[in-house]
$ cat query_11.cif   # mmCIF, C-alpha atoms and all ligand atoms
data_work
#
loop_
_atom_site.label_atom_id
_atom_site.label_comp_id
_atom_site.auth_asym_id
_atom_site.auth_seq_id
_atom_site.Cartn_x
_atom_site.Cartn_y
_atom_site.Cartn_z
CA MET A 1 44.63 34.77 3.20
CA LEU A 2 41.70 32.35 2.89
CA PRO A 3 38.99 33.22 5.44
CA ARG A 4 39.36 30.82 8.39
CA VAL A 5 36.36 29.50 10.32
CA GLU A 6 36.61 28.78 14.02
CA PRO A 7 34.62 25.59 14.72
CA SER A 8 32.67 24.96 17.90
CA LYS A 9 34.62 23.36 20.77
CA ARG A 10 33.94 19.67 21.26
CA THR A 11 35.80 16.75 22.80
CA ILE A 12 35.39 13.07 22.02
CA ALA A 13 34.84 12.42 25.73
CA GLU A 14 31.51 14.27 25.49
CA TYR A 15 30.26 11.59 23.07
CA GLU A 16 31.15 8.61 25.22
CA PRO A 17 27.66 8.35 26.76
CA ILE A 18 26.08 8.30 23.27
CA ALA A 19 28.47 6.40 21.00
CA PRO A 20 29.24 2.68 21.38
CA THR A 21 32.35 2.00 23.51
CA GLU A 22 33.99 0.02 20.68
CA LEU A 23 33.57 2.95 18.30
CA ILE A 24 35.28 5.37 20.71
CA ALA A 25 38.09 2.84 21.23
CA GLU A 26 38.48 2.41 17.46
CA ILE A 27 38.67 6.19 17.00
CA LYS A 28 41.43 6.50 19.58
CA LYS A 29 43.38 3.62 18.06
CA LEU A 30 43.12 5.02 14.53
CA ALA A 31 43.99 8.56 15.66
CA ALA A 32 47.19 7.72 17.55
CA PRO A 33 49.49 7.21 14.52
CA LEU A 34 47.98 10.27 12.81
CA ARG A 35 48.95 12.65 15.62
CA GLY A 36 49.98 16.09 14.33
CA LEU A 37 48.75 15.44 10.76
CA ARG A 38 47.68 18.78 9.25
CA VAL A 39 44.26 18.14 7.72
CA ILE A 40 42.86 21.28 6.16
CA HIS A 41 39.22 21.48 5.06
CA LEU A 42 38.06 23.91 2.40
CA ASN A 43 34.45 24.61 1.42
CA ALA A 44 32.25 27.37 0.04
CA THR A 45 30.39 28.78 3.01
CA PRO A 46 30.86 29.06 6.79
CA LYS A 47 27.15 28.52 7.46
CA GLY A 48 23.97 27.32 5.79
CA GLY A 49 23.67 23.84 4.35
CA GLY A 50 24.87 20.46 5.46
CA VAL A 51 28.61 20.78 4.77
CA ALA A 52 29.12 23.75 7.08
CA GLU A 53 26.91 22.05 9.64
CA MET A 54 29.17 18.98 9.72
CA LEU A 55 32.49 20.82 9.62
CA GLN A 56 31.52 22.74 12.76
CA THR A 57 31.96 19.58 14.83
CA LEU A 58 34.13 17.36 12.66
CA VAL A 59 37.07 19.80 12.63
CA SER A 60 36.84 20.27 16.36
CA LEU A 61 36.80 16.52 17.04
CA GLN A 62 39.66 15.88 14.62
CA ASN A 63 41.72 18.31 16.72
CA ASP A 64 40.63 16.72 19.96
CA VAL A 65 41.90 13.31 18.85
CA GLY A 66 45.30 14.75 17.93
CA LEU A 67 45.20 15.92 14.33
CA LYS A 68 45.97 19.53 13.44
CA ALA A 69 42.71 20.23 11.64
CA GLU A 70 41.66 23.62 10.29
CA TRP A 71 38.71 24.91 8.29
CA TYR A 72 38.85 27.59 5.60
CA VAL A 73 36.27 28.92 3.17
CA ILE A 74 36.85 30.31 -0.30
CA PRO A 75 36.61 34.09 -0.83
CA PRO A 76 32.94 34.85 -1.62
CA ASN A 77 32.17 36.09 -5.13
CA PRO A 78 28.52 36.47 -6.26
CA ASP A 79 29.17 35.89 -9.99
CA PHE A 80 31.25 32.80 -9.20
CA PHE A 81 28.46 31.46 -6.97
CA VAL A 82 25.93 31.88 -9.80
CA VAL A 83 28.16 29.63 -11.93
CA THR A 84 28.82 27.11 -9.15
CA LYS A 85 25.09 26.84 -8.39
CA LYS A 86 24.62 25.99 -12.10
CA ILE A 87 27.34 23.36 -11.73
CA HIS A 88 25.56 22.00 -8.64
CA ASN A 89 22.27 21.85 -10.55
CA THR A 90 23.77 20.14 -13.59
CA PHE A 91 25.58 17.64 -11.35
CA GLN A 92 22.14 16.78 -9.97
CA GLY A 93 20.76 16.29 -13.48
CA LYS A 94 19.58 19.66 -14.83
CA LYS A 95 20.31 19.99 -18.53
CA HIS A 96 22.36 23.14 -18.74
CA SER A 97 25.67 23.50 -20.53
CA LEU A 98 28.15 25.98 -19.13
CA THR A 99 29.15 28.72 -21.56
CA ASN A 100 32.84 29.32 -22.22
CA GLN A 101 32.56 32.54 -20.24
CA GLU A 102 31.11 30.68 -17.24
CA LYS A 103 33.88 28.07 -17.43
CA GLN A 104 36.47 30.83 -17.61
CA LEU A 105 35.02 32.58 -14.55
CA TYR A 106 35.06 29.29 -12.65
CA ILE A 107 38.69 28.61 -13.59
CA GLU A 108 39.90 32.15 -12.84
CA HIS A 109 38.41 32.13 -9.35
CA ASN A 110 39.88 28.69 -8.73
CA LYS A 111 43.32 30.03 -9.71
CA LYS A 112 42.92 32.68 -7.00
CA ILE A 113 41.82 30.04 -4.51
CA ALA A 114 44.90 27.94 -5.36
CA GLU A 115 47.19 30.92 -4.73
CA LEU A 116 45.64 31.38 -1.29
CA MET A 117 45.84 27.64 -0.56
CA ASP A 118 49.56 27.73 -1.31
CA ASP A 119 50.04 30.01 1.72
CA ILE A 120 48.73 27.32 4.08
CA ARG A 121 50.80 24.38 5.19
CA ALA A 122 48.82 21.14 4.82
CA ASP A 123 49.57 17.44 4.85
CA VAL A 124 46.12 16.72 3.45
CA TRP A 125 43.59 19.06 1.86
CA VAL A 126 39.96 18.00 2.04
CA VAL A 127 38.20 20.02 -0.66
CA HIS A 128 34.42 19.92 -0.29
CA ASP A 129 32.13 19.95 -3.34
CA PRO A 130 32.77 21.34 -6.82
CA GLN A 131 33.21 25.03 -5.98
CA PRO A 132 36.97 24.85 -5.22
CA MET A 133 37.58 21.56 -7.05
CA ALA A 134 39.63 22.99 -9.93
CA ALA A 135 42.12 24.68 -7.60
CA ILE A 136 44.11 21.43 -7.55
CA GLU A 137 45.39 22.11 -11.06
CA TYR A 138 46.97 25.43 -10.05
CA LEU A 139 48.61 24.55 -6.72
CA ARG A 140 52.37 25.09 -6.58
CA THR A 141 52.76 22.60 -3.75
CA ARG A 142 50.50 19.57 -3.77
CA PRO A 143 50.16 17.55 -0.58
CA ALA A 144 47.70 14.62 -0.41
CA MET A 145 44.41 15.79 -1.91
CA VAL A 146 40.91 14.57 -1.06
CA SER A 147 37.73 15.72 -2.80
CA ARG A 148 34.54 15.24 -0.79
CA ILE A 149 31.43 15.37 -3.00
CA HIS A 150 28.22 15.84 -1.02
CA ILE A 151 25.92 16.13 -4.03
CA ASP A 152 23.58 13.55 -5.58
CA THR A 153 25.52 12.82 -8.78
CA SER A 154 23.50 9.74 -9.75
CA THR A 155 22.27 11.33 -13.02
CA PRO A 156 24.69 14.13 -13.88
CA HIS A 157 24.44 16.19 -17.05
CA GLY A 158 27.26 14.80 -19.20
CA PRO A 159 29.02 17.95 -20.47
CA THR A 160 29.45 19.53 -17.01
CA LEU A 161 30.67 16.26 -15.56
CA SER A 162 33.24 15.93 -18.36
CA PHE A 163 34.41 19.50 -17.70
CA LEU A 164 34.95 18.78 -13.99
CA GLU A 165 36.18 15.20 -14.25
CA ARG A 166 39.50 16.52 -15.49
CA TYR A 167 39.98 18.04 -12.00
CA MET A 168 38.26 15.29 -10.04
CA LYS A 169 40.66 12.73 -11.50
CA GLN A 170 43.67 14.54 -10.05
CA TYR A 171 42.62 13.90 -6.43
CA ASP A 172 44.18 11.05 -4.47
CA ARG A 173 40.80 10.15 -3.04
CA VAL A 174 37.25 11.18 -3.93
CA VAL A 175 34.64 10.58 -1.25
CA PHE A 176 31.00 10.08 -2.23
CA SER A 177 28.04 9.39 0.05
CA LEU A 178 26.64 6.50 -2.03
CA PRO A 179 28.09 4.05 -4.60
CA GLU A 180 25.55 5.16 -7.23
CA PHE A 181 26.98 8.70 -7.12
CA VAL A 182 30.35 7.56 -8.52
CA PRO A 183 30.73 8.63 -12.18
CA LYS A 184 30.95 5.80 -14.69
CA ASP A 185 34.50 4.68 -15.56
CA PHE A 186 35.94 6.49 -12.54
CA ASP A 187 39.07 4.88 -11.07
CA LEU A 188 37.50 2.90 -8.23
CA LYS A 189 40.80 2.60 -6.34
CA ARG A 190 40.49 6.28 -5.51
CA VAL A 191 36.86 6.14 -4.46
CA VAL A 192 35.81 6.11 -0.83
CA ILE A 193 32.18 5.86 0.27
CA PHE A 194 30.82 7.07 3.57
CA ASN A 195 27.67 8.82 4.76
CA PRO A 196 27.50 12.21 6.44
CA ALA A 197 26.36 12.51 10.07
CA ILE A 198 24.86 14.95 12.56
CA ASP A 199 26.18 16.24 15.85
CA PRO A 200 23.80 15.05 18.58
CA LEU A 201 25.24 17.61 21.02
CA SER A 202 24.89 20.73 18.88
CA PRO A 203 22.29 23.34 19.91
CA LYS A 204 20.25 22.17 16.91
CA ASN A 205 20.15 18.53 17.97
CA LYS A 206 20.46 18.37 21.72
CA ALA A 207 17.37 17.40 23.66
CA LEU A 208 14.76 20.17 23.81
CA PRO A 209 11.70 19.49 25.97
CA PRO A 210 8.52 19.37 23.84
CA ARG A 211 6.96 22.03 26.10
CA ALA A 212 9.82 24.41 25.31
CA ALA A 213 9.45 23.69 21.58
CA ASP A 214 5.70 24.37 21.79
CA THR A 215 6.27 27.71 23.52
CA ILE A 216 8.67 28.76 20.77
CA LEU A 217 6.25 27.69 18.02
CA GLU A 218 3.32 29.47 19.68
CA GLY A 219 5.41 32.62 19.62
CA PHE A 220 5.37 32.37 15.83
CA GLY A 221 1.63 31.92 15.54
CA ILE A 222 1.47 28.11 15.33
CA ASN A 223 -1.57 26.56 17.02
CA ILE A 224 0.07 23.77 18.99
CA LEU A 225 -3.25 21.97 19.44
CA ASN A 226 -3.54 21.42 15.70
CA PRO A 227 -1.41 19.03 13.62
CA LEU A 228 1.81 20.39 12.19
CA ALA A 229 3.86 19.19 9.21
CA VAL A 230 7.25 20.79 8.53
CA GLN A 231 10.02 20.83 5.97
CA VAL A 232 13.32 22.50 6.92
CA SER A 233 15.36 23.15 3.78
CA ARG A 234 17.00 25.79 1.67
CA PHE A 235 14.52 27.12 -0.94
CA ASP A 236 16.00 25.04 -3.72
CA PRO A 237 14.22 23.31 -6.62
CA TRP A 238 15.66 19.89 -5.66
CA LYS A 239 14.08 20.14 -2.20
CA ASP A 240 10.69 20.43 -3.97
CA PRO A 241 8.96 22.94 -1.68
CA MET A 242 6.17 23.29 -4.28
CA GLY A 243 5.55 19.54 -4.08
CA VAL A 244 5.35 19.81 -0.28
CA ILE A 245 2.64 22.45 -0.58
CA ASP A 246 0.75 20.23 -3.05
CA ALA A 247 0.96 17.36 -0.55
CA TYR A 248 -0.30 19.66 2.20
CA TYR A 249 -3.31 20.78 0.09
CA LEU A 250 -4.20 17.13 -0.59
CA ALA A 251 -3.82 16.10 3.06
CA LYS A 252 -5.84 19.10 4.21
CA ASN A 253 -8.90 17.70 2.46
CA LYS A 254 -8.87 14.96 5.12
CA ILE A 255 -7.35 16.98 7.99
CA PRO A 256 -8.81 20.48 7.73
CA ASP A 257 -6.88 21.97 10.67
CA LEU A 258 -3.48 20.84 9.31
CA GLN A 259 -0.69 23.43 9.42
CA LEU A 260 2.51 23.50 7.36
CA MET A 261 5.82 25.20 8.11
CA LEU A 262 8.48 25.61 5.42
CA VAL A 263 11.73 26.83 6.96
CA GLY A 264 14.59 27.93 4.75
CA LEU A 265 16.33 30.81 6.49
CA ALA A 266 18.74 31.98 3.80
CA LEU A 267 22.13 31.55 5.42
CA ALA A 268 24.31 30.05 2.70
CA GLN A 269 26.32 32.63 0.79
CA ASP A 270 26.79 30.25 -2.15
CA ASP A 271 23.06 29.84 -2.93
CA PRO A 272 21.91 32.74 -5.11
CA GLU A 273 18.74 30.90 -6.24
CA ALA A 274 16.88 30.93 -2.93
CA ASP A 275 15.08 34.28 -3.40
CA LYS A 276 13.66 33.35 -6.78
CA ILE A 277 12.40 29.97 -5.57
CA PHE A 278 10.97 31.51 -2.41
CA LYS A 279 8.86 33.97 -4.44
CA LYS A 280 7.38 31.04 -6.40
CA VAL A 281 6.67 29.17 -3.19
CA GLN A 282 4.99 32.22 -1.67
CA LYS A 283 2.73 32.48 -4.71
CA HIS A 284 1.88 28.78 -4.53
CA ALA A 285 0.95 29.12 -0.83
CA LYS A 286 -1.78 31.58 -1.92
CA GLY A 287 -1.83 33.39 1.41
CA ASP A 288 -3.18 30.28 3.19
CA PRO A 289 -3.16 31.27 6.89
CA ASP A 290 -2.14 27.72 7.89
CA ILE A 291 1.05 27.82 5.79
CA PHE A 292 3.95 29.43 7.63
CA LEU A 293 6.93 30.41 5.50
CA PHE A 294 10.31 31.34 6.97
CA SER A 295 12.88 32.58 4.49
CA ASP A 296 14.65 35.38 6.32
CA ILE A 297 16.67 35.09 9.50
CA ALA A 298 15.22 38.47 10.61
CA GLN A 299 11.82 36.71 10.99
CA ILE A 300 13.08 34.88 14.08
CA GLY A 301 14.45 38.00 15.75
CA PRO A 302 17.16 37.43 18.36
CA MET A 303 16.58 33.65 18.50
CA SER A 304 19.37 31.53 17.03
CA ASN A 305 18.74 29.58 13.84
CA ASP A 306 19.77 26.39 15.63
CA LEU A 307 17.31 26.73 18.49
CA PHE A 308 14.53 27.63 16.06
CA VAL A 309 15.24 24.60 13.82
CA ASN A 310 15.43 22.37 16.89
CA ALA A 311 12.03 23.64 18.09
CA VAL A 312 10.48 23.20 14.65
CA GLN A 313 11.72 19.60 14.35
CA VAL A 314 10.71 18.71 17.92
CA GLY A 315 7.34 20.47 17.61
CA ALA A 316 6.43 18.78 14.31
CA ASP A 317 3.95 15.93 14.26
CA VAL A 318 5.36 14.82 10.95
CA VAL A 319 8.50 15.92 9.09
CA ILE A 320 8.70 16.01 5.32
CA GLN A 321 11.77 16.04 3.09
CA LYS A 322 10.33 15.70 -0.36
CA SER A 323 13.58 16.10 -2.29
CA THR A 324 13.81 14.94 -5.89
CA ARG A 325 17.62 14.64 -5.62
CA GLU A 326 19.49 14.45 -2.33
CA GLY A 327 23.18 13.96 -1.61
CA PHE A 328 22.28 12.88 1.91
CA GLY A 329 19.87 15.25 3.64
CA LEU A 330 21.10 15.95 7.15
CA VAL A 331 17.67 17.31 8.00
CA VAL A 332 16.29 13.80 7.72
CA THR A 333 18.68 12.47 10.38
CA GLU A 334 18.08 15.59 12.50
CA ALA A 335 14.36 14.84 12.62
CA MET A 336 14.87 11.08 13.08
CA TRP A 337 17.22 11.75 15.99
CA LYS A 338 14.40 13.75 17.60
CA GLY A 339 12.12 10.73 17.24
CA ARG A 340 10.02 12.22 14.46
CA PRO A 341 8.77 10.08 11.58
CA VAL A 342 9.99 11.48 8.26
CA ILE A 343 8.29 11.28 4.88
CA GLY A 344 11.17 11.58 2.45
CA GLY A 345 11.60 11.64 -1.32
CA ASN A 346 12.60 8.20 -2.60
CA VAL A 347 15.99 9.44 -3.82
CA GLY A 348 19.72 9.45 -3.06
CA GLY A 349 20.76 9.75 0.56
CA ILE A 350 17.21 9.73 1.90
CA ARG A 351 16.89 6.11 0.79
CA VAL A 352 19.87 5.19 2.95
CA GLN A 353 18.34 6.77 6.02
CA ILE A 354 14.69 5.78 5.97
CA GLU A 355 13.59 2.16 5.86
CA HIS A 356 10.21 2.47 4.19
CA GLY A 357 7.36 1.60 6.53
CA LYS A 358 9.66 1.12 9.53
CA SER A 359 11.58 4.28 10.34
CA GLY A 360 9.58 6.57 8.02
CA PHE A 361 8.16 6.56 4.50
CA LEU A 362 9.76 6.98 1.07
CA VAL A 363 7.56 8.66 -1.51
CA ASN A 364 7.59 9.27 -5.25
CA SER A 365 4.88 11.93 -5.52
CA SER A 366 2.96 14.58 -3.62
CA GLY A 367 -0.02 12.22 -3.61
CA GLU A 368 1.99 9.53 -1.82
CA ALA A 369 3.36 12.10 0.61
CA ALA A 370 -0.18 13.31 1.39
CA GLY A 371 -1.38 9.73 1.93
CA HIS A 372 1.34 9.02 4.48
CA MET A 373 0.82 12.39 6.17
CA VAL A 374 -2.81 11.51 6.78
CA GLU A 375 -1.90 7.96 7.86
CA LEU A 376 0.60 9.24 10.42
CA LEU A 377 -1.46 12.16 11.67
CA GLU A 378 -4.47 9.92 12.24
CA ASN A 379 -2.45 7.30 14.12
CA ARG A 380 -0.54 8.47 17.19
CA ILE A 381 0.72 4.97 17.95
CA LEU A 382 2.21 4.57 14.48
CA ARG A 383 3.87 8.01 14.84
CA ARG A 384 5.44 6.97 18.14
CA LYS A 385 6.55 3.57 16.87
CA MET A 386 8.14 4.97 13.73
CA GLY A 387 9.68 7.83 15.64
CA ARG A 388 11.35 5.40 18.03
CA ALA A 389 12.67 3.27 15.16
CA ALA A 390 13.92 6.43 13.44
CA LYS A 391 15.82 7.58 16.53
CA GLU A 392 17.47 4.20 16.91
CA ARG A 393 18.51 4.16 13.28
CA ALA A 394 20.01 7.65 13.57
CA ARG A 395 21.88 6.61 16.73
CA LYS A 396 23.34 3.52 15.09
CA HIS A 397 24.42 4.95 11.76
CA PHE A 398 24.35 8.70 11.42
CA LEU A 399 26.03 10.37 14.41
CA LEU A 400 29.33 12.23 14.21
CA PRO A 401 31.68 9.83 15.98
CA ARG A 402 31.07 7.35 13.13
CA LEU A 403 31.95 10.04 10.57
CA LEU A 404 35.11 10.90 12.51
CA ARG A 405 36.06 7.20 12.41
CA ASP A 406 35.46 7.02 8.64
CA TYR A 407 37.70 10.05 8.04
CA LEU A 408 40.43 8.56 10.24
CA LYS A 409 40.26 5.29 8.32
CA MET A 410 40.58 7.11 5.01
CA LEU A 411 43.50 9.21 6.28
CA THR A 412 45.27 6.10 7.59
CA GLU A 413 44.91 4.42 4.23
CA LEU A 414 46.00 7.57 2.39
CA LYS A 415 49.13 7.92 4.50
CA GLY A 416 49.96 4.23 4.21
N1 LIG B 501 19.19 24.51 7.97
C1 LIG B 501 19.16 25.48 8.93
N2 LIG B 501 18.23 26.47 8.82
C2 LIG B 501 17.34 26.51 7.80
C3 LIG B 501 17.38 25.50 6.81
C4 LIG B 501 18.31 24.49 6.93
O1 LIG B 501 19.95 25.47 9.89
O2 LIG B 501 16.53 27.42 7.78
C5 LIG B 501 20.18 23.41 8.15
C6 LIG B 501 19.55 22.07 8.41
O3 LIG B 501 19.12 21.99 9.77
C7 LIG B 501 20.70 21.12 8.06
C8 LIG B 501 21.37 21.86 6.91
O4 LIG B 501 20.96 23.23 6.99
O5 LIG B 501 21.60 21.00 9.14
C9 LIG B 501 20.94 21.33 5.57
O6 LIG B 501 21.64 20.17 5.29
P1 LIG B 501 21.09 19.09 4.28
O7 LIG B 501 22.15 18.04 4.16
O8 LIG B 501 19.76 18.62 4.69
O9 LIG B 501 20.89 19.87 2.90
P2 LIG B 501 21.83 20.85 2.03
O10 LIG B 501 21.35 22.24 2.33
O11 LIG B 501 23.24 20.62 2.44
O12 LIG B 501 21.51 20.46 0.64
#
$ encode --input "query_11.cif" --output "structure tokens" --more "lines below"
Ligand code: UDP
Amino acid sequence: MLPRVEPSKRTIAEYEPIAPTELIAEIKKLAAPLRGLRVIHLNATPKGGGVAEMLQTLVSLQNDVGLKAEWYVIPPNPDFFVVTKKIHNTFQGKKHSLTNQEKQLYIEHNKKIAELMDDIRADVWVVHDPQPMAAIEYLRTRPAMVSRIHIDTSTPHGPTLSFLERYMKQYDRVVFSLPEFVPKDFDLKRVVIFNPAIDPLSPKNKALPPRAADTILEGFGINILNPLAVQVSRFDPWKDPMGVIDAYYLAKNKIPDLQLMLVGLALAQDDPEADKIFKKVQKHAKGDPDIFLFSDIAQIGPMSNDLFVNAVQVGADVVIQKSTREGFGLVVTEAMWKGRPVIGGNVGGIRVQIEHGKSGFLVNSSGEAAGHMVELLENRILRRKMGRAAKERARKHFLLPRLLRDYLKMLTELKG
């Protein structure tokens, strides 16, 4: 049996005070003819990373509006995850060609996944990201199939893309977050584009009073009277934690009491690279007492990851997401929703979220990031103004009811 994940319990009624009335009405109208449709999601990990974060609420809301939605994860396998992380990296542009042995390992595990999928009755499978993508070829029964790619595939490494395109092309629909992520020559009739979204009611995103956030941060040695910059991200080369530290060093020349938190509590079972990257980051931080690194869930004791991340984002004076590739970057919306100005890498999904100079800043280098850190930290009014614009933008475009609507639209079209 594929491991099943129980999502959190949510109802669409809970979102009525936050989402526009017309959106809620549209959701109900779209959902009615889809009643009872068995929509089964499959991804690589039950926690850690944006996909698991979204499925927690999406699956629950799909059920609440009448679908029979379920969420399964693939059986974990460390060697397989080493290969799939390489696939992830090459999709995002790293030049690495898979060896025949790596391809074989990927295919063999996908055959096993397909066998387990065959035991589950589905009207539609939504297969997230490349890890289980090849299973489609080995299914005995094939209902409607959707592939949801969350990665920044704007500059993929050709050979890996060719290897996987064979599988990608078999799906009835392939959902990307941005048009520029669609591979060249891909059959556009099968392409659907929509952005991810955050759950404003989750423990990570629901309102936390700044005083409560400060108390939590003080408990971890942060001086709440001094400025604080944070980046919350897996320790992954594409999130550029080294570049964040460089930006911090530059900004600290102007703001000597600046503090930096890098939070990447290793939760995702499909990310075997985190330890290696963290060691490099630790070395680069050179024992600076104003740099606070969080890489292990044990560091926060009995506190939940969600409450900790909430406190970090609320307590930050400025939030950084200096990615060099980004499928979307839920952390950007999370911070925007909390009214924090974000300095984000000028790439992929971050460009969709931040309007440069209005709801945050887009940067191409550590130098630019440092410049905007100083600008924001020296100007409380600008921080407030941008934070307000950021919150409004998150409310309008990047909250879960909109994502639920986009899925319902796609399912309606798929069934039709
Ligand atoms: N996250 C977390 N704890 C951490 C680091 C990250 O809960 O220590 C969460 C973060 O709040 C966000 C998700 O992991 O909800 C990351 O999603 P994003 O789309 O930003 O990046 P991904 O990891 O999927 O590339």
$ residues_near_ligand --input "query_11.cif" --ligand "ligand LIG 501 (chain B)" --cutoff "8 Å" --atoms "only C-alpha atoms and all ligand atoms" --output "PyMOL selection string"
chain A and resi 48-54+150-151+198+204+232-234+239+263-267+294-295+297+305-306+309+326-332+334
$ atom_distance --input "query_11.cif" --atom1 "CA of Ser366 (chain A)" --atom2 "CA of Arg351 (chain A)"
16.9 Å
$ residues_around --input "query_11.cif" --residues "region 391-395 of chain A" --least-positions-apart "6" --cutoff "12 Å" --atoms "all atoms listed in the file" --output "number ranges by chain"
A: 15, 17-20, 195-200, 205, 330-342, 352-355, 358-360, 384-385, 401-402
$ atom_distance --input "query_11.cif" --atom1 "CA of His88 (chain A)" --atom2 "CA of Ile136 (chain A)"
18.6 Å
$ closest_residue --input "query_11.cif" --among "A:Thr324, A:Thr90, A:Gln269, A:Gln62" --to "Pro46 (chain A)" --atoms "only C-alpha atoms"
A:Gln269
$ residues_around --input "query_11.cif" --residues "Val374 (chain A)" --least-positions-apart "6" --cutoff "12 Å" --atoms "all atoms listed in the file" --output "NGL selection string"
:A and (227-229 or 247-258 or 317-318 or 343 or 367-368 or 380 or 382-383)
$ axis_aligned_box --input "query_11.cif" --around "region 39-52 of chain A" --padding-each-side "6 Å" --output "AutoDock Vina command-line options"
--center_x 34.0 --center_y 23.6 --center_z 3.9 --size_x 32.6 --size_y 22.9 --size_z 19.7
$ closest_residue --input "query_11.cif" --among "A:Met242, A:Ala144, A:Ile300, A:Leu404" --to "Lys283 (chain A)" --atoms "all atoms listed in the file"
A:Met242
$ atom_distance --input "query_11.cif" --atom1 "CA of Asp246 (chain A)" --atom2 "CA of Lys94 (chain A)"
22.2 Å
$ residues_near_point --input "query_11.cif" --point "(29.5, 37.2, -8.3)" --cutoff "12 Å" --atoms "all atoms listed in the file" --output "list in words"
Pro75, Pro76, Asn77, Pro78, Asp79, Phe80, Phe81, Val82, Val83, Thr84, Lys85, Glu102, Leu105, Tyr106, His109, Gln269, Asp270, Asp271 and Pro272 of chain A
$ residues_around --input "query_11.cif" --residues "Leu225 (chain A)" --least-positions-apart "5" --cutoff "12 Å" --atoms "all atoms listed in the file" --output "ChimeraX atom specification"
/A:214-215,217-218,257-259,315-317
$ write_last_selection --input "query_11.cif" --atoms "C-alpha atoms" --output "PDB file, in the coordinates of the input"
ATOM      1  CA  ASP A 214       5.700  24.370  21.790  1.00  0.00           C
ATOM      2  CA  THR A 215       6.270  27.710  23.520  1.00  0.00           C
ATOM      3  CA  LEU A 217       6.250  27.690  18.020  1.00  0.00           C
ATOM      4  CA  GLU A 218       3.320  29.470  19.680  1.00  0.00           C
ATOM      5  CA  ASP A 257      -6.880  21.970  10.670  1.00  0.00           C
ATOM      6  CA  LEU A 258      -3.480  20.840   9.310  1.00  0.00           C
ATOM      7  CA  GLN A 259      -0.690  23.430   9.420  1.00  0.00           C
ATOM      8  CA  GLY A 315       7.340  20.470  17.610  1.00  0.00           C
ATOM      9  CA  ALA A 316       6.430  18.780  14.310  1.00  0.00           C
ATOM     10  CA  ASP A 317       3.950  15.930  14.260  1.00  0.00           C
TER      11      ASP A 317
END
$ closest_residue --input "query_11.cif" --among "A:Leu408, A:Ala390, A:Ala298, A:Ile222" --to "Asn63 (chain A)" --atoms "only C-alpha atoms"
A:Leu408
$ closest_residue --input "query_11.cif" --among "A:Tyr138, A:Phe308, A:Tyr407, A:Phe278" --to "Val126 (chain A)" --atoms "all atoms listed in the file"
A:Tyr407
$ residues_near_point --input "query_11.cif" --point "(35.5, 20.2, -1.9)" --cutoff "10 Å" --atoms "only C-alpha atoms" --output "list in words"
His41, Leu42, Asn43, Ala44, Val51, Trp125, Val126, Val127, His128, Asp129, Pro130, Gln131, Pro132, Met133, Ala134, Ala135, Met145, Val146, Ser147, Arg148, Ile149, His150, Met168, Val174 and Val175 of chain A
$ closest_residue --input "query_11.cif" --among "A:Ser304, A:Gln104, A:Phe235, A:Pro210" --to "Val281 (chain A)" --atoms "only C-alpha atoms"
A:Phe235
$ closest_residue --input "query_11.cif" --among "A:Met1, A:Phe181, A:Ser365, A:Trp71" --to "Met117 (chain A)" --atoms "all atoms listed in the file"
A:Met1
